[in-house]
>>> print(open('start-v8.csv').read())   # CSV, N, CA and C atoms
chain,number,residue,atom,x,y,z
A,1203,MET,N,-96.0,-57.0,-37.5
A,1203,MET,CA,-94.6,-56.8,-37.3
A,1203,MET,C,-94.0,-58.2,-37.3
A,1204,SER,N,-93.0,-58.4,-38.0
A,1204,SER,CA,-92.3,-59.7,-38.2
A,1204,SER,C,-91.1,-59.7,-37.3
A,1205,SER,N,-90.8,-60.9,-36.7
A,1205,SER,CA,-89.5,-61.0,-36.0
A,1205,SER,C,-88.4,-61.5,-36.9
A,1206,ASP,N,-88.7,-61.8,-38.2
A,1206,ASP,CA,-87.7,-62.2,-39.1
A,1206,ASP,C,-86.8,-61.0,-39.4
A,1207,PRO,N,-85.5,-61.2,-39.5
A,1207,PRO,CA,-84.6,-60.0,-39.8
A,1207,PRO,C,-84.9,-59.5,-41.3
A,1208,ILE,N,-84.8,-58.2,-41.4
A,1208,ILE,CA,-84.9,-57.5,-42.7
A,1208,ILE,C,-83.4,-57.1,-42.9
A,1209,VAL,N,-82.8,-57.5,-44.0
A,1209,VAL,CA,-81.4,-57.1,-44.3
A,1209,VAL,C,-81.4,-56.2,-45.5
A,1210,ILE,N,-80.7,-55.1,-45.3
A,1210,ILE,CA,-80.6,-54.1,-46.4
A,1210,ILE,C,-79.1,-53.8,-46.6
A,1211,GLN,N,-78.7,-54.0,-47.9
A,1211,GLN,CA,-77.3,-53.7,-48.2
A,1211,GLN,C,-77.2,-52.4,-49.0
A,1212,LYS,N,-76.2,-51.6,-48.6
A,1212,LYS,CA,-76.0,-50.3,-49.3
A,1212,LYS,C,-74.5,-50.2,-49.6
A,1213,GLN,N,-74.3,-49.4,-50.7
A,1213,GLN,CA,-72.9,-49.0,-51.0
A,1213,GLN,C,-72.9,-47.5,-50.8
A,1214,MET,N,-72.2,-47.1,-49.8
A,1214,MET,CA,-72.2,-45.7,-49.4
A,1214,MET,C,-71.0,-44.9,-49.8
A,1215,GLY,N,-71.1,-43.7,-50.2
A,1215,GLY,CA,-69.9,-42.9,-50.6
A,1215,GLY,C,-69.4,-42.1,-49.4
A,1216,ILE,N,-68.8,-42.8,-48.5
A,1216,ILE,CA,-68.4,-42.2,-47.2
A,1216,ILE,C,-67.3,-43.0,-46.6
A,1217,THR,N,-66.5,-42.4,-45.7
A,1217,THR,CA,-65.5,-43.1,-44.9
A,1217,THR,C,-66.0,-43.5,-43.5
A,1218,HIS,N,-65.3,-44.4,-42.9
A,1218,HIS,CA,-65.7,-44.8,-41.5
A,1218,HIS,C,-65.9,-43.6,-40.6
A,1219,ALA,N,-64.9,-42.7,-40.6
A,1219,ALA,CA,-64.9,-41.5,-39.8
A,1219,ALA,C,-66.1,-40.6,-40.0
A,1220,GLU,N,-66.4,-40.4,-41.3
A,1220,GLU,CA,-67.6,-39.6,-41.6
A,1220,GLU,C,-68.9,-40.3,-41.2
A,1221,PHE,N,-68.9,-41.6,-41.4
A,1221,PHE,CA,-70.1,-42.4,-41.0
A,1221,PHE,C,-70.3,-42.2,-39.5
A,1222,MET,N,-69.3,-42.4,-38.7
A,1222,MET,CA,-69.4,-42.3,-37.2
A,1222,MET,C,-69.8,-40.9,-36.8
A,1223,ARG,N,-69.3,-39.9,-37.4
A,1223,ARG,CA,-69.6,-38.5,-37.1
A,1223,ARG,C,-71.1,-38.2,-37.2
A,1224,LEU,N,-71.7,-38.8,-38.2
A,1224,LEU,CA,-73.2,-38.6,-38.4
A,1224,LEU,C,-74.1,-39.6,-37.8
A,1225,LEU,N,-73.5,-40.6,-37.1
A,1225,LEU,CA,-74.3,-41.8,-36.6
A,1225,LEU,C,-75.5,-41.4,-35.7
A,1226,SER,N,-75.2,-40.5,-34.7
A,1226,SER,CA,-76.2,-40.1,-33.8
A,1226,SER,C,-77.4,-39.5,-34.5
A,1227,ARG,N,-77.1,-38.6,-35.5
A,1227,ARG,CA,-78.2,-38.0,-36.3
A,1227,ARG,C,-79.0,-39.0,-37.1
A,1228,ALA,N,-78.2,-40.0,-37.6
A,1228,ALA,CA,-78.9,-41.0,-38.5
A,1228,ALA,C,-79.8,-41.9,-37.6
A,1229,LEU,N,-79.4,-42.2,-36.4
A,1229,LEU,CA,-80.3,-43.0,-35.5
A,1229,LEU,C,-81.3,-42.2,-34.7
A,1230,GLY,N,-81.0,-40.9,-34.6
A,1230,GLY,CA,-81.9,-40.1,-33.7
A,1230,GLY,C,-81.7,-40.4,-32.3
A,1231,SER,N,-80.5,-40.9,-31.9
A,1231,SER,CA,-80.2,-41.3,-30.6
A,1231,SER,C,-78.7,-41.5,-30.4
A,1232,ASP,N,-78.2,-41.3,-29.1
A,1232,ASP,CA,-76.8,-41.6,-28.8
A,1232,ASP,C,-76.7,-42.9,-28.0
A,1233,ASP,N,-77.8,-43.6,-27.9
A,1233,ASP,CA,-77.9,-44.8,-27.1
A,1233,ASP,C,-77.6,-46.1,-28.0
A,1234,TYR,N,-76.4,-46.2,-28.4
A,1234,TYR,CA,-76.0,-47.4,-29.3
A,1234,TYR,C,-74.6,-47.9,-28.8
A,1235,THR,N,-74.3,-49.1,-29.2
A,1235,THR,CA,-72.9,-49.6,-28.8
A,1235,THR,C,-72.2,-49.8,-30.1
A,1236,ILE,N,-70.9,-49.7,-30.0
A,1236,ILE,CA,-70.0,-49.9,-31.1
A,1236,ILE,C,-68.9,-51.0,-30.7
A,1237,ASN,N,-68.8,-52.0,-31.5
A,1237,ASN,CA,-67.8,-53.0,-31.3
A,1237,ASN,C,-67.1,-53.2,-32.7
A,1238,GLY,N,-65.9,-52.5,-32.8
A,1238,GLY,CA,-65.2,-52.6,-34.1
A,1238,GLY,C,-66.0,-51.9,-35.2
A,1239,LYS,N,-66.4,-52.7,-36.2
A,1239,LYS,CA,-67.2,-52.2,-37.3
A,1239,LYS,C,-68.7,-52.5,-37.2
A,1240,VAL,N,-69.1,-52.9,-36.0
A,1240,VAL,CA,-70.5,-53.2,-35.8
A,1240,VAL,C,-71.1,-52.3,-34.8
A,1241,ILE,N,-72.3,-51.7,-35.2
A,1241,ILE,CA,-73.1,-50.8,-34.3
A,1241,ILE,C,-74.4,-51.5,-34.0
A,1242,ASP,N,-74.7,-51.6,-32.7
A,1242,ASP,CA,-76.0,-52.1,-32.3
A,1242,ASP,C,-76.8,-51.0,-31.6
A,1243,TYR,N,-78.1,-50.9,-32.1
A,1243,TYR,CA,-79.0,-50.0,-31.5
A,1243,TYR,C,-80.3,-50.7,-31.3
A,1244,SER,N,-80.9,-50.4,-30.1
A,1244,SER,CA,-82.2,-51.0,-29.8
A,1244,SER,C,-83.2,-49.9,-29.6
A,1245,PRO,N,-84.0,-49.5,-30.6
A,1245,PRO,CA,-84.9,-48.4,-30.5
A,1245,PRO,C,-86.0,-48.6,-29.5
A,1246,LYS,N,-86.3,-49.9,-29.1
A,1246,LYS,CA,-87.3,-50.2,-28.1
A,1246,LYS,C,-87.1,-51.7,-27.7
A,1247,PRO,N,-87.6,-52.1,-26.6
A,1247,PRO,CA,-87.4,-53.4,-26.1
A,1247,PRO,C,-87.8,-54.5,-27.2
A,1248,GLY,N,-87.0,-55.4,-27.4
A,1248,GLY,CA,-87.3,-56.5,-28.4
A,1248,GLY,C,-87.0,-56.2,-29.8
A,1249,ALA,N,-86.5,-55.0,-30.0
A,1249,ALA,CA,-86.2,-54.5,-31.4
A,1249,ALA,C,-84.7,-54.3,-31.5
A,1250,SER,N,-84.2,-54.5,-32.7
A,1250,SER,CA,-82.7,-54.2,-32.9
A,1250,SER,C,-82.5,-53.6,-34.3
A,1251,PHE,N,-81.5,-52.8,-34.4
A,1251,PHE,CA,-81.1,-52.1,-35.7
A,1251,PHE,C,-79.6,-52.3,-35.6
A,1252,ASN,N,-79.1,-53.2,-36.4
A,1252,ASN,CA,-77.6,-53.6,-36.4
A,1252,ASN,C,-77.0,-53.0,-37.7
A,1253,ILE,N,-75.9,-52.4,-37.6
A,1253,ILE,CA,-75.2,-51.8,-38.7
A,1253,ILE,C,-73.8,-52.5,-38.8
A,1254,GLN,N,-73.5,-53.1,-39.9
A,1254,GLN,CA,-72.2,-53.7,-40.1
A,1254,GLN,C,-71.4,-52.9,-41.2
A,1255,LEU,N,-70.3,-52.2,-40.9
A,1255,LEU,CA,-69.5,-51.5,-41.8
A,1255,LEU,C,-68.6,-52.4,-42.5
A,1256,GLY,N,-68.4,-52.2,-43.8
A,1256,GLY,CA,-67.5,-53.0,-44.6
A,1256,GLY,C,-66.2,-52.2,-44.7
A,1257,THR,N,-65.3,-52.7,-45.6
A,1257,THR,CA,-64.0,-52.2,-45.8
A,1257,THR,C,-64.1,-51.0,-46.7
A,1258,GLU,N,-63.4,-49.9,-46.2
A,1258,GLU,CA,-63.4,-48.7,-47.1
A,1258,GLU,C,-62.6,-48.9,-48.3
A,1259,SER,N,-63.0,-48.3,-49.4
A,1259,SER,CA,-62.2,-48.3,-50.6
A,1259,SER,C,-62.4,-46.9,-51.3
A,1260,VAL,N,-61.7,-46.8,-52.4
A,1260,VAL,CA,-61.8,-45.5,-53.2
A,1260,VAL,C,-62.3,-45.9,-54.6
A,1261,ARG,N,-63.3,-45.2,-55.0
A,1261,ARG,CA,-63.7,-45.3,-56.4
A,1261,ARG,C,-63.2,-44.1,-57.2
A,1262,GLN,N,-62.6,-44.4,-58.3
A,1262,GLN,CA,-62.0,-43.3,-59.1
A,1262,GLN,C,-62.7,-43.3,-60.5
A,1263,ILE,N,-63.1,-42.1,-60.8
A,1263,ILE,CA,-63.7,-41.8,-62.1
A,1263,ILE,C,-62.9,-40.6,-62.7
A,1264,ALA,N,-62.2,-40.9,-63.7
A,1264,ALA,CA,-61.3,-40.0,-64.3
A,1264,ALA,C,-60.3,-39.5,-63.2
A,1265,LEU,N,-60.3,-38.2,-63.0
A,1265,LEU,CA,-59.4,-37.6,-61.9
A,1265,LEU,C,-60.1,-37.5,-60.6
A,1266,MET,N,-61.4,-37.8,-60.5
A,1266,MET,CA,-62.2,-37.7,-59.3
A,1266,MET,C,-62.1,-39.0,-58.4
A,1267,LYS,N,-61.8,-38.9,-57.2
A,1267,LYS,CA,-61.7,-40.0,-56.3
A,1267,LYS,C,-62.8,-39.8,-55.2
A,1268,MET,N,-63.5,-40.9,-54.9
A,1268,MET,CA,-64.6,-40.9,-53.9
A,1268,MET,C,-64.4,-42.1,-53.0
A,1269,PRO,N,-64.6,-41.8,-51.7
A,1269,PRO,CA,-64.6,-43.0,-50.8
A,1269,PRO,C,-65.9,-43.8,-51.0
A,1270,THR,N,-65.8,-45.1,-50.7
A,1270,THR,CA,-66.9,-46.0,-50.9
A,1270,THR,C,-66.8,-47.1,-49.8
A,1271,MET,N,-67.9,-47.5,-49.3
A,1271,MET,CA,-67.9,-48.5,-48.2
A,1271,MET,C,-69.3,-49.3,-48.3
A,1272,PRO,N,-69.2,-50.6,-48.2
A,1272,PRO,CA,-70.5,-51.3,-48.1
A,1272,PRO,C,-71.0,-51.3,-46.7
A,1273,VAL,N,-72.3,-51.2,-46.5
A,1273,VAL,CA,-72.9,-51.1,-45.2
A,1273,VAL,C,-74.1,-52.1,-45.2
A,1274,THR,N,-74.2,-52.9,-44.2
A,1274,THR,CA,-75.3,-53.8,-44.1
A,1274,THR,C,-76.1,-53.5,-42.9
A,1275,LEU,N,-77.4,-53.3,-43.1
A,1275,LEU,CA,-78.4,-53.0,-42.0
A,1275,LEU,C,-79.2,-54.2,-41.8
A,1276,THR,N,-79.3,-54.6,-40.5
A,1276,THR,CA,-80.2,-55.7,-40.2
A,1276,THR,C,-81.2,-55.2,-39.1
A,1277,ILE,N,-82.5,-55.4,-39.4
A,1277,ILE,CA,-83.5,-54.8,-38.6
A,1277,ILE,C,-84.5,-55.9,-38.2
A,1278,VAL,N,-84.7,-55.9,-36.8
A,1278,VAL,CA,-85.6,-57.0,-36.3
A,1278,VAL,C,-86.6,-56.4,-35.3
A,1279,GLY,N,-87.8,-56.8,-35.4
A,1279,GLY,CA,-88.8,-56.4,-34.4
A,1279,GLY,C,-89.3,-55.0,-34.5
A,1280,ILE,N,-89.3,-54.5,-35.7
A,1280,ILE,CA,-89.8,-53.1,-35.9
A,1280,ILE,C,-90.8,-53.1,-37.0
A,1281,SER,N,-92.0,-52.5,-36.7
A,1281,SER,CA,-93.1,-52.5,-37.7
A,1281,SER,C,-92.6,-51.9,-39.0
A,1282,ASP,N,-93.4,-52.1,-40.1
A,1282,ASP,CA,-93.1,-51.6,-41.4
A,1282,ASP,C,-93.1,-50.1,-41.4
A,1283,ASP,N,-94.0,-49.4,-40.7
A,1283,ASP,CA,-94.1,-48.0,-40.6
A,1283,ASP,C,-92.9,-47.4,-39.9
A,1284,GLN,N,-92.5,-48.0,-38.7
A,1284,GLN,CA,-91.4,-47.6,-38.0
A,1284,GLN,C,-90.1,-47.8,-38.7
A,1285,ARG,N,-90.0,-48.9,-39.4
A,1285,ARG,CA,-88.8,-49.2,-40.2
A,1285,ARG,C,-88.6,-48.2,-41.3
A,1286,ALA,N,-89.7,-47.8,-42.0
A,1286,ALA,CA,-89.7,-46.8,-43.1
A,1286,ALA,C,-89.2,-45.5,-42.5
A,1287,ALA,N,-89.7,-45.1,-41.4
A,1287,ALA,CA,-89.3,-43.8,-40.7
A,1287,ALA,C,-87.8,-43.9,-40.3
A,1288,MET,N,-87.4,-45.0,-39.8
A,1288,MET,CA,-86.0,-45.1,-39.4
A,1288,MET,C,-85.0,-45.0,-40.6
A,1289,LEU,N,-85.4,-45.7,-41.7
A,1289,LEU,CA,-84.6,-45.7,-42.9
A,1289,LEU,C,-84.6,-44.3,-43.6
A,1290,LEU,N,-85.7,-43.6,-43.5
A,1290,LEU,CA,-85.7,-42.3,-44.0
A,1290,LEU,C,-84.8,-41.4,-43.3
A,1291,ARG,N,-84.8,-41.5,-41.9
A,1291,ARG,CA,-83.9,-40.7,-41.1
A,1291,ARG,C,-82.5,-41.0,-41.4
A,1292,PHE,N,-82.2,-42.3,-41.5
A,1292,PHE,CA,-80.8,-42.8,-41.8
A,1292,PHE,C,-80.3,-42.3,-43.1
A,1293,ASP,N,-81.1,-42.4,-44.2
A,1293,ASP,CA,-80.7,-42.0,-45.5
A,1293,ASP,C,-80.6,-40.5,-45.6
A,1294,ARG,N,-81.4,-39.7,-44.9
A,1294,ARG,CA,-81.3,-38.2,-44.9
A,1294,ARG,C,-80.0,-37.8,-44.2
A,1295,ALA,N,-79.7,-38.5,-43.1
A,1295,ALA,CA,-78.5,-38.1,-42.4
A,1295,ALA,C,-77.2,-38.2,-43.2
A,1296,TYR,N,-77.2,-39.2,-44.1
A,1296,TYR,CA,-76.0,-39.4,-44.9
A,1296,TYR,C,-76.1,-38.9,-46.4
A,1297,GLN,N,-77.3,-38.2,-46.6
A,1297,GLN,CA,-77.5,-37.7,-48.0
A,1297,GLN,C,-76.5,-36.5,-48.2
A,1298,ARG,N,-76.0,-36.4,-49.4
A,1298,ARG,CA,-75.1,-35.3,-49.8
A,1298,ARG,C,-75.8,-34.5,-50.8
A,1299,GLY,N,-75.5,-33.2,-50.7
A,1299,GLY,CA,-76.1,-32.3,-51.7
A,1299,GLY,C,-75.4,-32.5,-53.1
A,1300,GLY,N,-76.0,-32.0,-54.1
A,1300,GLY,CA,-75.4,-32.2,-55.4
A,1300,GLY,C,-76.4,-31.7,-56.4
A,1301,GLY,N,-76.0,-31.7,-57.6
A,1301,GLY,CA,-77.0,-31.2,-58.6
A,1301,GLY,C,-76.5,-31.4,-59.9
>>> encode(input="start-v8.csv", output="structure tokens")
Amino acid sequence: MSSDPIVIQKQMGITHAEFMRLLSRALGSDDYTINGKVIDYSPKPGASFNIQLGTESVRQIALMKMPTMPVTLTIVGISDDQRAAMLLRFDRAYQRGGG
């Protein structure tokens, strides 16, 4: 387990309101703090999962408009296996159906 931060940047098709609505499910916990566009979650002592929300925008393809927002995840003090499980939960919470 490394104490060096792991930084993951995502471009998500979501609004701030939708993101916040699903946040507890994505983290598997309600025990987090929100300060503006920054969410801090400590899954265990000495570990942190920080989420920085970027500015919402709209992507337009022909007549279709989709929300988009950059999201930066910074993870510290979490083993590779735990990090993989956390990211899987996070991604599944925000996954949208389609086909």
>>> select_by_dssp(input="start-v8.csv", residues="region 1210-1286 of chain A", states="strand (DSSP E)", output="ChimeraX atom specification")
/A:1210-1214,1234-1237,1240-1243,1250-1255,1259-1263,1266-1278
>>> closest_residue(input="start-v8.csv", among="A:Val1209, A:Leu1225, A:Ala1295, A:Met1271", to="Glu1258 (chain A)", atoms="only C-alpha atoms")
A:Met1271
>>> closest_residue(input="start-v8.csv", among="A:Met1222, A:Ile1216, A:Ile1280, A:Met1266", to="Ser1250 (chain A)", atoms="only C-alpha atoms")
A:Ile1280
>>> residues_around(input="start-v8.csv", residues="Gln1213 (chain A)", least_positions_apart="6", cutoff="12 Å", atoms="only C-alpha atoms", output="number ranges by chain")
A: 1254-1261, 1268-1275, 1293, 1296
>>> atom_distance(input="start-v8.csv", atom1="CA of Arg1227 (chain A)", atom2="CA of Arg1291 (chain A)")
7.9 Å
>>> atom_distance(input="start-v8.csv", atom1="CA of Val1278 (chain A)", atom2="atom C of Ile1208 (chain A)")
7.0 Å
>>> atom_distance(input="start-v8.csv", atom1="atom C of Phe1251 (chain A)", atom2="atom N of Ile1277 (chain A)")
5.7 Å
>>> closest_residue(input="start-v8.csv", among="A:Gln1297, A:Ala1287, A:Gly1279, A:Lys1212", to="Ala1249 (chain A)", atoms="all atoms listed in the file")
A:Gly1279
>>> select_by_dssp(input="start-v8.csv", residues="chain A", states="helix (DSSP H, G or I)", output="list in words")
His1218, Ala1219, Glu1220, Phe1221, Met1222, Arg1223, Leu1224, Leu1225, Ser1226, Arg1227, Ala1228, Leu1229, Asp1282, Asp1283, Gln1284, Arg1285, Ala1286, Ala1287, Met1288, Leu1289, Leu1290, Arg1291, Phe1292, Asp1293, Arg1294, Ala1295 and Tyr1296 of chain A
>>> residues_near_point(input="start-v8.csv", point="(-69.5, -48.8, -35.3)", cutoff="8 Å", atoms="all atoms listed in the file", output="list in words")
Phe1221, Met1222, Thr1235, Ile1236, Asn1237, Gly1238, Lys1239, Val1240, Ile1241, Asp1242, Ile1253, Gln1254 and Leu1255 of chain A
>>> write_last_selection(input="start-v8.csv", atoms="N, CA and C atoms", output="mmCIF file, in the frame of the given file")
data_model
loop_
_atom_site.group_PDB
_atom_site.id
_atom_site.type_symbol
_atom_site.label_atom_id
_atom_site.label_comp_id
_atom_site.auth_asym_id
_atom_site.auth_seq_id
_atom_site.Cartn_x
_atom_site.Cartn_y
_atom_site.Cartn_z
ATOM 1 N N PHE A 1221 -68.900 -41.600 -41.400
ATOM 2 C CA PHE A 1221 -70.100 -42.400 -41.000
ATOM 3 C C PHE A 1221 -70.300 -42.200 -39.500
ATOM 4 N N MET A 1222 -69.300 -42.400 -38.700
ATOM 5 C CA MET A 1222 -69.400 -42.300 -37.200
ATOM 6 C C MET A 1222 -69.800 -40.900 -36.800
ATOM 7 N N THR A 1235 -74.300 -49.100 -29.200
ATOM 8 C CA THR A 1235 -72.900 -49.600 -28.800
ATOM 9 C C THR A 1235 -72.200 -49.800 -30.100
ATOM 10 N N ILE A 1236 -70.900 -49.700 -30.000
ATOM 11 C CA ILE A 1236 -70.000 -49.900 -31.100
ATOM 12 C C ILE A 1236 -68.900 -51.000 -30.700
ATOM 13 N N ASN A 1237 -68.800 -52.000 -31.500
ATOM 14 C CA ASN A 1237 -67.800 -53.000 -31.300
ATOM 15 C C ASN A 1237 -67.100 -53.200 -32.700
ATOM 16 N N GLY A 1238 -65.900 -52.500 -32.800
ATOM 17 C CA GLY A 1238 -65.200 -52.600 -34.100
ATOM 18 C C GLY A 1238 -66.000 -51.900 -35.200
ATOM 19 N N LYS A 1239 -66.400 -52.700 -36.200
ATOM 20 C CA LYS A 1239 -67.200 -52.200 -37.300
ATOM 21 C C LYS A 1239 -68.700 -52.500 -37.200
ATOM 22 N N VAL A 1240 -69.100 -52.900 -36.000
ATOM 23 C CA VAL A 1240 -70.500 -53.200 -35.800
ATOM 24 C C VAL A 1240 -71.100 -52.300 -34.800
ATOM 25 N N ILE A 1241 -72.300 -51.700 -35.200
ATOM 26 C CA ILE A 1241 -73.100 -50.800 -34.300
ATOM 27 C C ILE A 1241 -74.400 -51.500 -34.000
ATOM 28 N N ASP A 1242 -74.700 -51.600 -32.700
ATOM 29 C CA ASP A 1242 -76.000 -52.100 -32.300
ATOM 30 C C ASP A 1242 -76.800 -51.000 -31.600
ATOM 31 N N ILE A 1253 -75.900 -52.400 -37.600
ATOM 32 C CA ILE A 1253 -75.200 -51.800 -38.700
ATOM 33 C C ILE A 1253 -73.800 -52.500 -38.800
ATOM 34 N N GLN A 1254 -73.500 -53.100 -39.900
ATOM 35 C CA GLN A 1254 -72.200 -53.700 -40.100
ATOM 36 C C GLN A 1254 -71.400 -52.900 -41.200
ATOM 37 N N LEU A 1255 -70.300 -52.200 -40.900
ATOM 38 C CA LEU A 1255 -69.500 -51.500 -41.800
ATOM 39 C C LEU A 1255 -68.600 -52.400 -42.500
#
>>> closest_residue(input="start-v8.csv", among="A:Lys1267, A:Leu1290, A:Arg1285, A:Arg1298", to="Pro1245 (chain A)", atoms="only C-alpha atoms")
A:Arg1285
>>> decode(input="start-v8.csv", residues="region 1220-1243 of chain A", atoms="N, CA and C atoms", output="compact mmCIF listing (two decimals), in the first residue's frame")
# COMPACT_ATOMS: atom_id res chain seq x y z
N GLU A 1220 -27.24 15.46 -10.05
CA GLU A 1220 -27.31 14.00 -10.22
C GLU A 1220 -26.15 13.32 -9.50
N PHE A 1221 -24.97 13.92 -9.59
CA PHE A 1221 -23.79 13.35 -8.93
C PHE A 1221 -24.03 13.25 -7.43
N MET A 1222 -24.51 14.33 -6.84
CA MET A 1222 -24.74 14.35 -5.39
C MET A 1222 -25.84 13.38 -4.97
N ARG A 1223 -26.85 13.22 -5.80
CA ARG A 1223 -27.94 12.31 -5.49
C ARG A 1223 -27.44 10.87 -5.37
N LEU A 1224 -26.45 10.49 -6.15
CA LEU A 1224 -25.94 9.13 -6.18
C LEU A 1224 -24.68 8.92 -5.33
N LEU A 1225 -24.21 9.97 -4.68
CA LEU A 1225 -22.92 9.91 -4.00
C LEU A 1225 -22.86 8.85 -2.89
N SER A 1226 -23.87 8.77 -2.05
CA SER A 1226 -23.85 7.77 -0.97
C SER A 1226 -23.73 6.36 -1.52
N ARG A 1227 -24.43 6.09 -2.61
CA ARG A 1227 -24.35 4.76 -3.23
C ARG A 1227 -22.95 4.54 -3.81
N ALA A 1228 -22.39 5.57 -4.42
CA ALA A 1228 -21.07 5.45 -5.05
C ALA A 1228 -19.97 5.18 -4.02
N LEU A 1229 -20.11 5.78 -2.84
CA LEU A 1229 -19.10 5.59 -1.79
C LEU A 1229 -19.43 4.43 -0.87
N GLY A 1230 -20.68 4.00 -0.87
CA GLY A 1230 -21.10 2.95 0.05
C GLY A 1230 -21.18 3.45 1.48
N SER A 1231 -21.36 4.77 1.62
CA SER A 1231 -21.37 5.38 2.95
C SER A 1231 -22.01 6.77 2.87
N ASP A 1232 -22.56 7.20 4.01
CA ASP A 1232 -23.04 8.58 4.14
C ASP A 1232 -22.06 9.41 4.95
N ASP A 1233 -20.94 8.84 5.31
CA ASP A 1233 -19.97 9.49 6.19
C ASP A 1233 -18.90 10.23 5.38
N TYR A 1234 -19.28 11.32 4.75
CA TYR A 1234 -18.36 12.14 3.96
C TYR A 1234 -18.69 13.60 4.23
N THR A 1235 -17.78 14.49 3.86
CA THR A 1235 -18.01 15.92 4.01
C THR A 1235 -17.98 16.58 2.64
N ILE A 1236 -18.78 17.63 2.52
CA ILE A 1236 -18.85 18.38 1.26
C ILE A 1236 -18.50 19.82 1.56
N ASN A 1237 -17.58 20.36 0.79
CA ASN A 1237 -17.20 21.76 0.90
C ASN A 1237 -17.17 22.33 -0.52
N GLY A 1238 -18.29 22.93 -0.93
CA GLY A 1238 -18.40 23.43 -2.29
C GLY A 1238 -18.42 22.28 -3.28
N LYS A 1239 -17.41 22.23 -4.13
CA LYS A 1239 -17.31 21.18 -5.15
C LYS A 1239 -16.32 20.08 -4.76
N VAL A 1240 -15.97 20.04 -3.48
CA VAL A 1240 -15.01 19.05 -2.99
C VAL A 1240 -15.68 18.13 -1.98
N ILE A 1241 -15.54 16.83 -2.19
CA ILE A 1241 -16.07 15.82 -1.29
C ILE A 1241 -14.89 15.07 -0.69
N ASP A 1242 -14.87 14.94 0.63
CA ASP A 1242 -13.83 14.18 1.32
C ASP A 1242 -14.47 13.00 2.03
N TYR A 1243 -13.88 11.84 1.82
CA TYR A 1243 -14.36 10.61 2.43
C TYR A 1243 -13.15 9.85 2.97
